[in-house]
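J.: One structure is given below, represented as structure tokens, and several questions about it will come after.
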Amino acid sequence: MPDNAVAAETTITGGIGADRGYWDGLAAGEFRLPRCPDCGTWRWPAHFRCGHCGGWEQEWVAVEPVGTVYTWTRSWYAFDRTKERVEDVPYVVVLAEIPGAGNARVLGVLKGSEDGLRVGAPVTGSIDPPSGRSKGYPAVRWALGGAS
Ligand SMILES: [Zn+2]
């Protein structure tokens with residue numbers, strides 16, 4: 001296990017354990033999502049057990065971070081758990097649907113221009129390194145536009 005994964009474990013406050021591979025992947029610069037090795041069902045948000053076949057194993061698969069806007073919202077206020085982003089208010093959070101992972105939907109703050117922001121718009125993800133704004137762990141950010 002790389003040292004930065006250990007660091008991620010000590011700073012993740014919202015993880016449930018089953019999503020550990022996601023954070024480890026981001027720390028390693030990869031966008032990984034969990035899939036059941038028994039039946040192939042993508043499992044996101046991560047769960048310890050497959051809801052389709054009941055299997056307990058999961059594999060973390062590196063996925064191209066490309067998809068479409070499933071929905072989005074604009075935050076106008078820095079709530080207690082997002083005080084680190086007070087200087088970014090207002091900002092947009094996108095729930096991106098990832099066809100390469102069974103249409104798993106993954107949250108991320110929008111990066112760059114809002115031109116063309118709408119449900120169904122193509123987005124491409126990038127991984128921001130740990131920062132104070134993300135409570136010290138890496139984060140996926142979505143930008144409008146398809147993969148180039
Ligand atoms: Zn399964």
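For the structure tokens, the naming scheme is as follows: chains receive sequential letters (A, B, ...) according to their order of presentation, residues are indexed from 1 within each chain, and ligands are indexed from 1 in presentation order.
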How would you write, as an MDAnalysis selection string, the set of residues in segment 5-62 of chain A that DSSP gives as alpha helix (DSSP H)?
T.: chainID A and resid 5:11 20:27
J.: Using only C-alpha atoms and all ligand atoms, which protein or nucleic acid residues are at most 7 Å from ligand 1, as a list in words?
T.: Cys36, Pro37, Asp38, Cys39, Gly40, Thr41, Cys50, Gly51, His52, Cys53, Gly54 and Gly55 of chain A
J.: Keeping only N, CA and C atoms, write those residues as a PDB file, in the first residue's frame.
T.:
```pdb
ATOM      1  N   CYS A  36     -18.551  -6.128  -8.994  1.00  0.00           N
ATOM      2  CA  CYS A  36     -18.625  -7.463  -8.416  1.00  0.00           C
ATOM      3  C   CYS A  36     -17.934  -8.447  -9.358  1.00  0.00           C
ATOM      4  N   PRO A  37     -16.905  -9.164  -8.876  1.00  0.00           N
ATOM      5  CA  PRO A  37     -16.214 -10.111  -9.765  1.00  0.00           C
ATOM      6  C   PRO A  37     -17.053 -11.356 -10.052  1.00  0.00           C
ATOM      7  N   ASP A  38     -18.074 -11.583  -9.260  1.00  0.00           N
ATOM      8  CA  ASP A  38     -18.905 -12.776  -9.465  1.00  0.00           C
ATOM      9  C   ASP A  38     -19.945 -12.576 -10.573  1.00  0.00           C
ATOM     10  N   CYS A  39     -20.600 -11.412 -10.579  1.00  0.00           N
ATOM     11  CA  CYS A  39     -21.680 -11.215 -11.562  1.00  0.00           C
ATOM     12  C   CYS A  39     -21.430 -10.017 -12.477  1.00  0.00           C
ATOM     13  N   GLY A  40     -20.397  -9.217 -12.198  1.00  0.00           N
ATOM     14  CA  GLY A  40     -20.068  -8.097 -13.074  1.00  0.00           C
ATOM     15  C   GLY A  40     -20.858  -6.825 -12.816  1.00  0.00           C
ATOM     16  N   THR A  41     -21.700  -6.819 -11.795  1.00  0.00           N
ATOM     17  CA  THR A  41     -22.499  -5.628 -11.483  1.00  0.00           C
ATOM     18  C   THR A  41     -21.616  -4.549 -10.866  1.00  0.00           C
ATOM     19  N   CYS A  50     -22.643  -7.407  -2.737  1.00  0.00           N
ATOM     20  CA  CYS A  50     -23.319  -7.153  -4.003  1.00  0.00           C
ATOM     21  C   CYS A  50     -24.830  -7.282  -3.815  1.00  0.00           C
ATOM     22  N   GLY A  51     -25.562  -6.262  -4.206  1.00  0.00           N
ATOM     23  CA  GLY A  51     -27.009  -6.299  -4.098  1.00  0.00           C
ATOM     24  C   GLY A  51     -27.658  -7.179  -5.150  1.00  0.00           C
ATOM     25  N   HIS A  52     -26.878  -7.565  -6.166  1.00  0.00           N
ATOM     26  CA  HIS A  52     -27.438  -8.386  -7.241  1.00  0.00           C
ATOM     27  C   HIS A  52     -27.281  -9.880  -6.949  1.00  0.00           C
ATOM     28  N   CYS A  53     -26.068 -10.309  -6.604  1.00  0.00           N
ATOM     29  CA  CYS A  53     -25.827 -11.744  -6.429  1.00  0.00           C
ATOM     30  C   CYS A  53     -25.475 -12.124  -4.992  1.00  0.00           C
ATOM     31  N   GLY A  54     -25.256 -11.132  -4.142  1.00  0.00           N
ATOM     32  CA  GLY A  54     -24.936 -11.425  -2.748  1.00  0.00           C
ATOM     33  C   GLY A  54     -23.463 -11.680  -2.484  1.00  0.00           C
ATOM     34  N   GLY A  55     -22.639 -11.589  -3.527  1.00  0.00           N
ATOM     35  CA  GLY A  55     -21.206 -11.835  -3.357  1.00  0.00           C
ATOM     36  C   GLY A  55     -20.572 -10.795  -2.436  1.00  0.00           C
TER      37      GLY A  55
END
```
J.: Fewer than 2 positions away in the same chain doesn't count, so skip those; otherwise give me all residues within 12 Å of Gly112 of chain A, counting only C-alpha atoms, as a ChimeraX atom specification.
T.: /A:91-93,109-110,114-117,123-126,141-145
J.: Measuring between only C-alpha atoms, which one of A:Gly25, A:Leu95, A:Val89, A:Ser113 shows the shortest distance to Thr73 of chain A?
T.: A:Leu95
J.: List every residue of segment 41-78 of chain A that DSSP, applied to the backbone of this structure, assigns to strand (DSSP E or B), and report them as a list of chain:residue names.
T.: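 The strand (DSSP E or B) residues within segment 41-78 of chain A come out as A:Trp42, A:Glu59, A:Trp60, A:Val61, A:Ala62, A:Val66, A:Gly67, A:Thr68, A:Val69, A:Tyr70, A:Thr71, A:Trp72, A:Thr73, A:Arg74, A:Ser75.
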J.: Output N, CA and C atoms for every residue in the selection just made, as a PDB file, in the first residue's frame.
T.:
```
ATOM      1  N   TRP A  42     -21.747  -3.338 -11.400  1.00  0.00           N
ATOM      2  CA  TRP A  42     -21.031  -2.201 -10.811  1.00  0.00           C
ATOM      3  C   TRP A  42     -21.736  -1.824  -9.526  1.00  0.00           C
ATOM      4  N   GLU A  59     -14.006  -5.834  -6.938  1.00  0.00           N
ATOM      5  CA  GLU A  59     -12.759  -5.484  -7.603  1.00  0.00           C
ATOM      6  C   GLU A  59     -12.847  -4.009  -7.975  1.00  0.00           C
ATOM      7  N   TRP A  60     -11.700  -3.342  -7.874  1.00  0.00           N
ATOM      8  CA  TRP A  60     -11.647  -1.914  -8.195  1.00  0.00           C
ATOM      9  C   TRP A  60     -11.078  -1.768  -9.592  1.00  0.00           C
ATOM     10  N   VAL A  61     -11.876  -1.211 -10.488  1.00  0.00           N
ATOM     11  CA  VAL A  61     -11.536  -1.142 -11.897  1.00  0.00           C
ATOM     12  C   VAL A  61     -11.274   0.315 -12.275  1.00  0.00           C
ATOM     13  N   ALA A  62     -10.125   0.558 -12.897  1.00  0.00           N
ATOM     14  CA  ALA A  62      -9.834   1.901 -13.399  1.00  0.00           C
ATOM     15  C   ALA A  62     -10.761   2.185 -14.580  1.00  0.00           C
ATOM     16  N   VAL A  66     -15.294   9.736 -17.845  1.00  0.00           N
ATOM     17  CA  VAL A  66     -16.117  10.456 -18.825  1.00  0.00           C
ATOM     18  C   VAL A  66     -17.560  10.014 -18.662  1.00  0.00           C
ATOM     19  N   GLY A  67     -18.465  10.969 -18.827  1.00  0.00           N
ATOM     20  CA  GLY A  67     -19.873  10.652 -18.682  1.00  0.00           C
ATOM     21  C   GLY A  67     -20.723  11.840 -19.064  1.00  0.00           C
ATOM     22  N   THR A  68     -21.905  11.890 -18.467  1.00  0.00           N
ATOM     23  CA  THR A  68     -22.825  12.984 -18.730  1.00  0.00           C
ATOM     24  C   THR A  68     -23.387  13.504 -17.409  1.00  0.00           C
ATOM     25  N   VAL A  69     -23.883  14.731 -17.465  1.00  0.00           N
ATOM     26  CA  VAL A  69     -24.500  15.329 -16.278  1.00  0.00           C
ATOM     27  C   VAL A  69     -25.841  14.635 -16.043  1.00  0.00           C
ATOM     28  N   TYR A  70     -25.944  13.932 -14.913  1.00  0.00           N
ATOM     29  CA  TYR A  70     -27.227  13.332 -14.537  1.00  0.00           C
ATOM     30  C   TYR A  70     -28.096  14.399 -13.876  1.00  0.00           C
ATOM     31  N   THR A  71     -27.465  15.175 -12.994  1.00  0.00           N
ATOM     32  CA  THR A  71     -28.105  16.340 -12.401  1.00  0.00           C
ATOM     33  C   THR A  71     -27.008  17.224 -11.824  1.00  0.00           C
ATOM     34  N   TRP A  72     -27.373  18.412 -11.430  1.00  0.00           N
ATOM     35  CA  TRP A  72     -26.395  19.311 -10.830  1.00  0.00           C
ATOM     36  C   TRP A  72     -27.113  20.257  -9.884  1.00  0.00           C
ATOM     37  N   THR A  73     -26.358  20.892  -9.014  1.00  0.00           N
ATOM     38  CA  THR A  73     -26.917  21.883  -8.096  1.00  0.00           C
ATOM     39  C   THR A  73     -25.864  22.947  -7.823  1.00  0.00           C
ATOM     40  N   ARG A  74     -26.360  24.110  -7.453  1.00  0.00           N
ATOM     41  CA  ARG A  74     -25.444  25.204  -7.117  1.00  0.00           C
ATOM     42  C   ARG A  74     -25.529  25.451  -5.610  1.00  0.00           C
ATOM     43  N   SER A  75     -24.379  25.480  -4.963  1.00  0.00           N
ATOM     44  CA  SER A  75     -24.334  25.773  -3.534  1.00  0.00           C
ATOM     45  C   SER A  75     -24.124  27.273  -3.355  1.00  0.00           C
TER      46      SER A  75
END
```
J.: Determine the nearest neighbour of Arg118 of chain A from the options A:Gly17, A:Pro45, A:Ala96, A:Thr82, counting only C-alpha atoms.
T.: A:Ala96
J.: What does the structure give for the distance between atom CA of Gly132 of chain A and atom CA of Ala46 of chain A, in Å to one decimal?
T.: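 Atom CA of Ala46 of chain A lies at a distance of 24.7 Å from atom CA of Gly132 of chain A.
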J.: Identify which of the residues A:Ala139, A:Leu33, A:Gly102, A:Gly146 lies closest to Gly120 of chain A, counting only C-alpha atoms when measuring atom-to-atom distances.
T.: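 Residue with the minimum atom-to-atom distance to Gly120 of chain A: A:Gly146.
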J.: I want to know what sits within 12 Å of Ser131 of chain A, based on only C-alpha atoms, with residues of the same chain fewer than 2 positions away left out; could you give that as a list in words?
T.: Ala8, Thr11, Ala27, Glu84, Arg85, Ile127, Asp128, Pro129, Arg133, Ser134, Lys135, Gly136, Tyr137, Pro138 and Ala139 of chain A
J.: Can you work out which one of A:Val119, A:Leu26, A:Ala78, A:Val63 has the shortest atom-to-atom distance to Pro99 of chain A, counting only C-alpha atoms?
T.: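 Of A:Val119, A:Leu26, A:Ala78, A:Val63, the one nearest Pro99 of chain A, counting only C-alpha atoms, is A:Val63.
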J.: Can you work out the spacing between atom CA of Gln58 of chain A and atom CA of Trp44 of chain A in Å, to one decimal?
T.: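 Between atom CA of Gln58 of chain A and atom CA of Trp44 of chain A the gap works out to 11.0 Å.
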